[in-house]
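So the structure is just underneath, and the comments pick up after that.
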Amino acid sequence: MKEKVDLISEPKKTFWHLSIPIIGFCIFNVFYGIVDMAWISQINIHASFAVGVSIPFVSLIFAFGDSIGMGTNSIMSRFMGAGDYDSAYNALIHGLIFSTIVWVLIVISTIFAQGILYDVDQSESYLLVWDYLIPIITFAYLFIISNVFAETFQAEGNSKIPTVLMITSNVLNIILDPILIFTFNLGVKGASYTTVLSGVIPFVTFLYLYLSGRTKVPLSKKYFKFRGYIIKEIFKVAIPNFLDSGLWAFSSSFINGILIVTMGEIGPILYSVSNKLRTLLSAPTKGYGSALMSVTGHLFGAHNFKKLYEMYRYTLKVSVITTVVVMILFIILREQAYNFFSISGRATEINYIVIFGIFIMLSISIATISSKMLDGFGKSMYSLVFTAIKISIQLGLIILLYNLLSHGICVLIGITLSEVIFAFVYYFFLKYLFMNFDKKYKNKDVVKTFNMDNINEI
């Protein structure tokens with residue numbers, strides 16, 4: 001039996017122990033993305049357009065690993081909180097098998113999609129889209145498995161190793177980008193090859209750490225026994241999170257279409273850059289949410305609902321205060337931020353983005369923390385339902401405003417209103433759940449364990 005993992009006795013201390021490295025990684029990861037986009041913007045406008053259009057699909061690929069990892073993290077944490085460590089080790093193997101199957105399906109789907117889309121549009125910009133996407137999709141297994149391992153490390157209370165590995169990978173990416181893009185004159189393909197090459201480091205290192213027994217949670221076939229329950233619980237978190245990302249990819253593609261019509265090629269570029277900056281500004285919130293999810297799983301498994309509610313309110317306060325601080329910095333540095341991407345002469349559009357961005361970022365902060373707590377409970381389906389309704393309202397508002405205004409600002413207004421509404425929805429829904437937890441789980445386990453009493457159950 002490996003060393004037991006305790007994230008219950010001091011949840012706030014554990015929260016900061018986990019969140020600080022994750023925040024560091026998130027910030028550096030976004031910085032890498034920004035530098036990557038800045039290099040690409042120096043090729044030509046077609047390259048910037050191609051990568052901007054590709055980003056939702058690349059994000060979708062990474063979302064597979066994140067989603068499966070979050071599902072595995074959630075059930076592992078709940079098993080550990082309930083004291084069933086063997087089932088937690090078994091859940092890790094289930095997550096890896098699921099990831100492998102997903103990668104095979106991605107590659108097969110891409111082969112068919114490539115043939116269809118090449119026949120539809122062979123313009124320079126769209127050919128560059130596939131130049132960028134094909135290498136990343138082919139080697140998506142590197143990113144999917146690495147993202148799964150990054151999440152499962154957090155389940156055992158370790159976020160430092162994933163942070164170091166991912167930052168090392170991004171540093172290599174930053175170094176190789178200009179070499180492959182300009183020195184070897186590979187253009188957009190160079191940026192894609194760089195992403196793949198840098199992804200080898202965390203993948204190989206994670207495998208080595210797990211297979212050599214240098215982790216608290218072991219990776220060994222002796223713990224594997226197929227459990228339909230474990231697959232179901234991983235699905236309950238992974239599928240909603242992935243579909244959440246899928247809905248975002250769909251809405252982003254739709255919004256890009258609106259912006260092309262109203263603003264030309266600069267529209268999707270501004271939208272893509274703004275999303276990069278939004279990801280940077282929300283990096284602390286993402287770190288807080290990831291740490292909270294692991295702590296939530298352990299506390300939920302242990303039936304410690306009072307500490308759960310305290311952690312929710314505490315994390316919300318920390319996240320909102322942090323968001324206010326980063327938005328003040330963004331307001332001051334907004335022109336320099338967009339100039340970094342070779343975007344100039346767009347002061348009016350940038351000012352609109354900043355004004356609406358304040359409300360968007362505060363709303364995202366509340367929604368993200370609430371959503372991650374639902375992941376920790378294993379109740380991610382609620383988040384998916386909220387996201388589906390939110391995006392439906394968002395796109396409906398954008399279409400309505402587009403017909404009234406015929407201007408790109410319809411996108412900002414639609415996004416802002418929908419984000420603010422659902423920040424309130426998330427908050428009051430979590431309060432409702434907390435009011436009913438004691439009654440609902442008074443004489444009931446929050447996770448099905450597989451100890452000696454029920455070892456034959458599936």
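Just remember, in the structure tokens the first chain shown is A, the second B, etc., residues are 1-based per chain, and ligands are 1-based in the order shown.
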Q) Neighbours of region 416-425 of chain A within 7 Å (only C-alpha atoms; same-chain residues fewer than 3 positions away dropped), as a ChimeraX atom specification? A) /A:356,359-360,363-364,366-367,390,393-394,412-413,428-429
Just all heavy atoms for this one: save the residues we selected as a CSV table (one decimal), in the first residue's frame.
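Output file selection-v3.csv follows:
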```csv
chain,number,residue,atom,x,y,z
A,356,PHE,N,-16.3,46.0,-21.4
A,356,PHE,CA,-17.1,44.9,-21.3
A,356,PHE,C,-16.4,43.7,-20.6
A,356,PHE,O,-17.0,42.9,-19.9
A,356,PHE,CB,-17.6,44.4,-22.6
A,356,PHE,CG,-18.7,45.3,-23.2
A,356,PHE,CD1,-18.4,46.3,-24.1
A,356,PHE,CD2,-20.0,45.1,-22.8
A,356,PHE,CE1,-19.4,47.1,-24.7
A,356,PHE,CE2,-21.0,45.9,-23.4
A,356,PHE,CZ,-20.7,46.9,-24.3
A,359,PHE,N,-16.8,43.1,-16.7
A,359,PHE,CA,-17.9,42.4,-16.2
A,359,PHE,C,-17.8,40.9,-16.6
A,359,PHE,O,-18.2,40.0,-15.9
A,359,PHE,CB,-19.2,42.9,-16.9
A,359,PHE,CG,-19.5,44.4,-16.5
A,359,PHE,CD1,-19.1,45.4,-17.3
A,359,PHE,CD2,-20.1,44.7,-15.3
A,359,PHE,CE1,-19.3,46.7,-17.0
A,359,PHE,CE2,-20.3,46.0,-14.9
A,359,PHE,CZ,-19.9,47.0,-15.7
A,360,ILE,N,-17.2,40.6,-17.8
A,360,ILE,CA,-17.0,39.3,-18.3
A,360,ILE,C,-16.1,38.5,-17.3
A,360,ILE,O,-16.4,37.4,-16.9
A,360,ILE,CB,-16.5,39.2,-19.7
A,360,ILE,CG1,-17.5,39.7,-20.7
A,360,ILE,CG2,-16.0,37.8,-20.1
A,360,ILE,CD1,-17.0,39.9,-22.1
A,363,SER,N,-17.5,37.7,-13.9
A,363,SER,CA,-18.6,36.6,-14.0
A,363,SER,C,-17.9,35.3,-14.2
A,363,SER,O,-18.3,34.3,-13.6
A,363,SER,CB,-19.5,37.0,-15.2
A,363,SER,OG,-20.2,38.2,-15.0
A,364,ILE,N,-16.9,35.3,-15.1
A,364,ILE,CA,-16.1,34.0,-15.3
A,364,ILE,C,-15.5,33.5,-14.0
A,364,ILE,O,-15.4,32.3,-13.8
A,364,ILE,CB,-15.1,34.2,-16.4
A,364,ILE,CG1,-15.8,34.4,-17.8
A,364,ILE,CG2,-14.1,33.1,-16.4
A,364,ILE,CD1,-14.8,34.7,-18.9
A,366,ILE,N,-16.6,33.7,-10.9
A,366,ILE,CA,-17.6,33.1,-10.1
A,366,ILE,C,-18.0,31.7,-10.7
A,366,ILE,O,-18.1,30.7,-10.1
A,366,ILE,CB,-18.8,34.0,-9.9
A,366,ILE,CG1,-18.4,35.2,-9.1
A,366,ILE,CG2,-20.0,33.2,-9.2
A,366,ILE,CD1,-19.5,36.3,-9.1
A,367,ALA,N,-18.3,31.7,-12.1
A,367,ALA,CA,-18.7,30.5,-12.8
A,367,ALA,C,-17.6,29.4,-12.7
A,367,ALA,O,-18.0,28.3,-12.5
A,367,ALA,CB,-19.1,30.9,-14.2
A,390,LYS,N,-26.4,28.7,-21.5
A,390,LYS,CA,-25.7,30.0,-21.7
A,390,LYS,C,-25.3,30.3,-23.1
A,390,LYS,O,-25.5,31.4,-23.6
A,390,LYS,CB,-24.5,30.0,-20.8
A,390,LYS,CG,-23.7,31.3,-20.8
A,390,LYS,CD,-22.4,31.2,-19.9
A,390,LYS,CE,-21.4,30.4,-20.6
A,390,LYS,NZ,-20.1,30.4,-19.8
A,393,ILE,N,-28.3,31.2,-25.3
A,393,ILE,CA,-28.7,32.6,-25.0
A,393,ILE,C,-27.7,33.5,-25.6
A,393,ILE,O,-28.1,34.5,-26.3
A,393,ILE,CB,-28.9,32.8,-23.5
A,393,ILE,CG1,-30.0,32.0,-22.9
A,393,ILE,CG2,-29.1,34.3,-23.2
A,393,ILE,CD1,-30.2,32.0,-21.4
A,394,GLN,N,-26.4,33.2,-25.5
A,394,GLN,CA,-25.4,34.1,-26.0
A,394,GLN,C,-25.5,34.2,-27.5
A,394,GLN,O,-25.5,35.4,-28.0
A,394,GLN,CB,-24.0,33.5,-25.6
A,394,GLN,CG,-22.8,34.3,-26.0
A,394,GLN,CD,-21.5,33.7,-25.6
A,394,GLN,OE1,-20.8,33.1,-26.4
A,394,GLN,NE2,-21.3,33.6,-24.3
A,412,LEU,N,-19.6,41.4,-28.2
A,412,LEU,CA,-19.3,41.8,-26.8
A,412,LEU,C,-20.5,41.9,-25.9
A,412,LEU,O,-20.5,41.4,-24.8
A,412,LEU,CB,-18.6,43.1,-26.8
A,412,LEU,CG,-17.0,43.1,-27.0
A,412,LEU,CD1,-16.5,44.5,-27.1
A,412,LEU,CD2,-16.4,42.4,-25.8
A,413,ILE,N,-21.6,42.5,-26.4
A,413,ILE,CA,-22.8,42.6,-25.6
A,413,ILE,C,-23.4,41.3,-25.3
A,413,ILE,O,-23.8,41.0,-24.2
A,413,ILE,CB,-23.8,43.5,-26.3
A,413,ILE,CG1,-23.2,44.9,-26.5
A,413,ILE,CG2,-25.1,43.6,-25.5
A,413,ILE,CD1,-24.1,45.8,-27.4
A,428,PHE,N,-26.2,30.7,-6.9
A,428,PHE,CA,-27.4,30.4,-6.2
A,428,PHE,C,-27.6,28.9,-6.2
A,428,PHE,O,-28.2,28.3,-5.3
A,428,PHE,CB,-28.6,31.2,-6.7
A,428,PHE,CG,-28.6,32.6,-6.2
A,428,PHE,CD1,-28.3,33.6,-7.1
A,428,PHE,CD2,-28.7,32.9,-4.9
A,428,PHE,CE1,-28.3,34.9,-6.7
A,428,PHE,CE2,-28.7,34.2,-4.4
A,428,PHE,CZ,-28.5,35.3,-5.4
A,429,PHE,N,-27.2,28.2,-7.3
A,429,PHE,CA,-27.4,26.8,-7.4
A,429,PHE,C,-26.5,26.1,-6.4
A,429,PHE,O,-26.9,25.1,-5.8
A,429,PHE,CB,-27.1,26.3,-8.8
A,429,PHE,CG,-27.3,24.8,-9.0
A,429,PHE,CD1,-28.5,24.2,-9.0
A,429,PHE,CD2,-26.2,24.0,-9.2
A,429,PHE,CE1,-28.7,22.9,-9.1
A,429,PHE,CE2,-26.3,22.6,-9.3
A,429,PHE,CZ,-27.6,22.0,-9.3
```
Q: Using only C-alpha atoms, pick whichever of A:Ala238, A:Ala88, A:Ile358, A:Leu60 has the shortest atom-to-atom distance to Val326 (chain A).
A: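 So, comparing all the options, the nearest one is A:Ile358.
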Report the closest atom pair, with its distance in Å rounded to one decimal, for each residue of region 67-175 of chain A that has an atom no farther than 9 Å from region 204-223 of chain A; count only C-alpha atoms, sort by chain and then rising residue number, and write it as CSV.
```
residue,atom,partner,partner_atom,distance
A:Tyr85,CA,A:Val217,CA,8.7
A:Asp86,CA,A:Tyr223,CA,6.5
A:Ser87,CA,A:Tyr223,CA,7.8
A:Ala88,CA,A:Val217,CA,8.1
A:Tyr89,CA,A:Val217,CA,6.2
A:Asn90,CA,A:Tyr223,CA,5.3
A:Leu92,CA,A:Leu219,CA,7.3
A:Ile93,CA,A:Leu219,CA,7.0
A:Leu142,CA,A:Val204,CA,8.7
A:Ile145,CA,A:Phe206,CA,8.9
A:Ser146,CA,A:Phe206,CA,7.0
A:Phe149,CA,A:Phe206,CA,6.8
A:Ala150,CA,A:Phe206,CA,8.4
A:Thr152,CA,A:Val217,CA,8.5
A:Phe153,CA,A:Val217,CA,8.1
A:Ala155,CA,A:Val217,CA,8.9
A:Glu156,CA,A:Lys216,CA,6.6
A:Ile161,CA,A:Phe206,CA,9.0
A:Pro162,CA,A:Phe206,CA,8.3
A:Leu165,CA,A:Thr205,CA,7.8
```
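Of the residues listed (A:Val261, A:Ile167, A:Ile175, A:Met76), A:Ile167 shows the shortest atom-to-atom separation from Cys26 (chain A); distances use only C-alpha atoms.
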**Q.** Spatial neighbours of region 13-18 of chain A, max dist 10 Å, only C-alpha atoms, sep filter under 2 positions, as a list in words
**A.**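 The neighbour list is Asp6, Leu7, Ile8, Ser9, Glu10, Pro11, Ile20, Pro21, Ile22, Ile23, Gln154, Ala155, Gly157, Asn158, Ser159, Lys160, Gly287, Tyr288, Gly289, Ser290, Ala291, Leu292, Met293, Ser294, Val295, Thr296, Met311 and Thr315 of chain A.
One distance worth recording is that between CA of Ile134 (chain A) and CA of Val196 (chain A), which is 10.7 Å.
Excluding Ser383 (chain A) and any residue on its chain fewer than 5 positions from it, the residues at most 8 Å away by only C-alpha atoms are Pro240, Asn241, Asp244, Ser371 and Leu374 of chain A.
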Q: Excluding Asp375 (chain A) and any residue of its chain fewer than 4 positions from it, enumerate the residues within 6 Å of it, using only C-alpha atoms, and give them as a list in words.
A: Val237, Lys379 and Ser380 of chain A
Q: Name all residues at most 12 Å from Lys431 (chain A) (count only C-alpha atoms; drop same-chain ones fewer than 6 positions away) and give them as a PyMOL selection string.
A: chain A and resi 305+308-310+312-313+370+373-374+424-425+437
May I have the residues within 7 Å of region 266-278 of chain A as a CSV table (one decimal) with all heavy atoms, in the first residue's frame, using only C-alpha atoms and disregarding those fewer than 3 positions away in the same chain?
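Full text of selection_12.csv as output:
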```csv
chain,number,residue,atom,x,y,z
A,30,VAL,N,0.0,30.4,-20.8
A,30,VAL,CA,-0.6,31.5,-21.7
A,30,VAL,C,0.4,32.4,-22.3
A,30,VAL,O,0.3,32.8,-23.4
A,30,VAL,CB,-1.6,32.3,-20.8
A,30,VAL,CG1,-2.2,33.4,-21.7
A,30,VAL,CG2,-2.7,31.5,-20.2
A,34,ILE,N,0.9,33.3,-26.1
A,34,ILE,CA,1.0,34.7,-26.6
A,34,ILE,C,2.2,34.9,-27.5
A,34,ILE,O,2.2,35.5,-28.5
A,34,ILE,CB,1.0,35.7,-25.4
A,34,ILE,CG1,-0.4,35.7,-24.8
A,34,ILE,CG2,1.4,37.1,-25.8
A,34,ILE,CD1,-0.5,36.5,-23.5
A,48,SER,N,-1.9,34.4,-39.4
A,48,SER,CA,-2.6,34.8,-38.1
A,48,SER,C,-4.0,34.4,-38.2
A,48,SER,O,-4.6,33.9,-37.2
A,48,SER,CB,-2.5,36.3,-37.9
A,48,SER,OG,-1.2,36.8,-37.7
A,49,PHE,N,-4.6,34.5,-39.3
A,49,PHE,CA,-6.0,34.1,-39.5
A,49,PHE,C,-6.2,32.6,-39.4
A,49,PHE,O,-7.1,32.1,-38.7
A,49,PHE,CB,-6.5,34.5,-40.9
A,49,PHE,CG,-7.9,34.0,-41.2
A,49,PHE,CD1,-9.0,34.7,-40.8
A,49,PHE,CD2,-8.1,32.9,-42.0
A,49,PHE,CE1,-10.3,34.2,-41.1
A,49,PHE,CE2,-9.3,32.4,-42.3
A,49,PHE,CZ,-10.4,33.1,-41.9
A,52,GLY,N,-5.7,31.6,-35.7
A,52,GLY,CA,-6.9,32.1,-35.0
A,52,GLY,C,-8.1,31.2,-35.2
A,52,GLY,O,-8.8,30.9,-34.2
A,256,ASN,N,-16.6,33.8,-35.0
A,256,ASN,CA,-15.6,34.2,-36.0
A,256,ASN,C,-16.3,34.5,-37.3
A,256,ASN,O,-16.0,35.4,-38.0
A,256,ASN,CB,-14.6,33.0,-36.2
A,256,ASN,CG,-13.5,33.1,-35.2
A,256,ASN,OD1,-13.1,34.1,-34.7
A,256,ASN,ND2,-12.9,31.9,-34.9
A,259,LEU,N,-17.9,38.0,-37.1
A,259,LEU,CA,-16.8,39.0,-37.1
A,259,LEU,C,-16.2,39.2,-38.5
A,259,LEU,O,-15.8,40.3,-38.9
A,259,LEU,CB,-15.7,38.7,-36.1
A,259,LEU,CG,-16.2,38.7,-34.6
A,259,LEU,CD1,-15.1,38.2,-33.7
A,259,LEU,CD2,-16.5,40.2,-34.2
A,260,ILE,N,-16.1,38.1,-39.2
A,260,ILE,CA,-15.6,38.2,-40.6
A,260,ILE,C,-16.5,39.1,-41.4
A,260,ILE,O,-16.1,39.9,-42.2
A,260,ILE,CB,-15.4,36.8,-41.2
A,260,ILE,CG1,-14.2,36.1,-40.6
A,260,ILE,CG2,-15.2,36.9,-42.8
A,260,ILE,CD1,-14.1,34.6,-41.0
A,263,MET,N,-16.4,42.8,-39.7
A,263,MET,CA,-15.1,43.5,-39.6
A,263,MET,C,-14.0,43.0,-40.5
A,263,MET,O,-12.9,43.6,-40.6
A,263,MET,CB,-14.6,43.3,-38.1
A,263,MET,CG,-15.5,43.9,-37.1
A,263,MET,SD,-14.9,43.6,-35.4
A,263,MET,CE,-13.5,44.6,-35.4
A,281,LEU,N,-5.5,36.5,-18.1
A,281,LEU,CA,-6.0,37.2,-16.9
A,281,LEU,C,-6.8,36.3,-16.0
A,281,LEU,O,-6.9,36.5,-14.8
A,281,LEU,CB,-7.0,38.3,-17.4
A,281,LEU,CG,-6.3,39.4,-18.2
A,281,LEU,CD1,-7.4,40.3,-18.8
A,281,LEU,CD2,-5.3,40.2,-17.4
A,282,SER,N,-7.3,35.2,-16.5
A,282,SER,CA,-8.1,34.2,-15.7
A,282,SER,C,-7.2,33.1,-15.2
A,282,SER,O,-7.7,32.2,-14.6
A,282,SER,CB,-9.3,33.7,-16.5
A,282,SER,OG,-8.9,33.0,-17.6
```
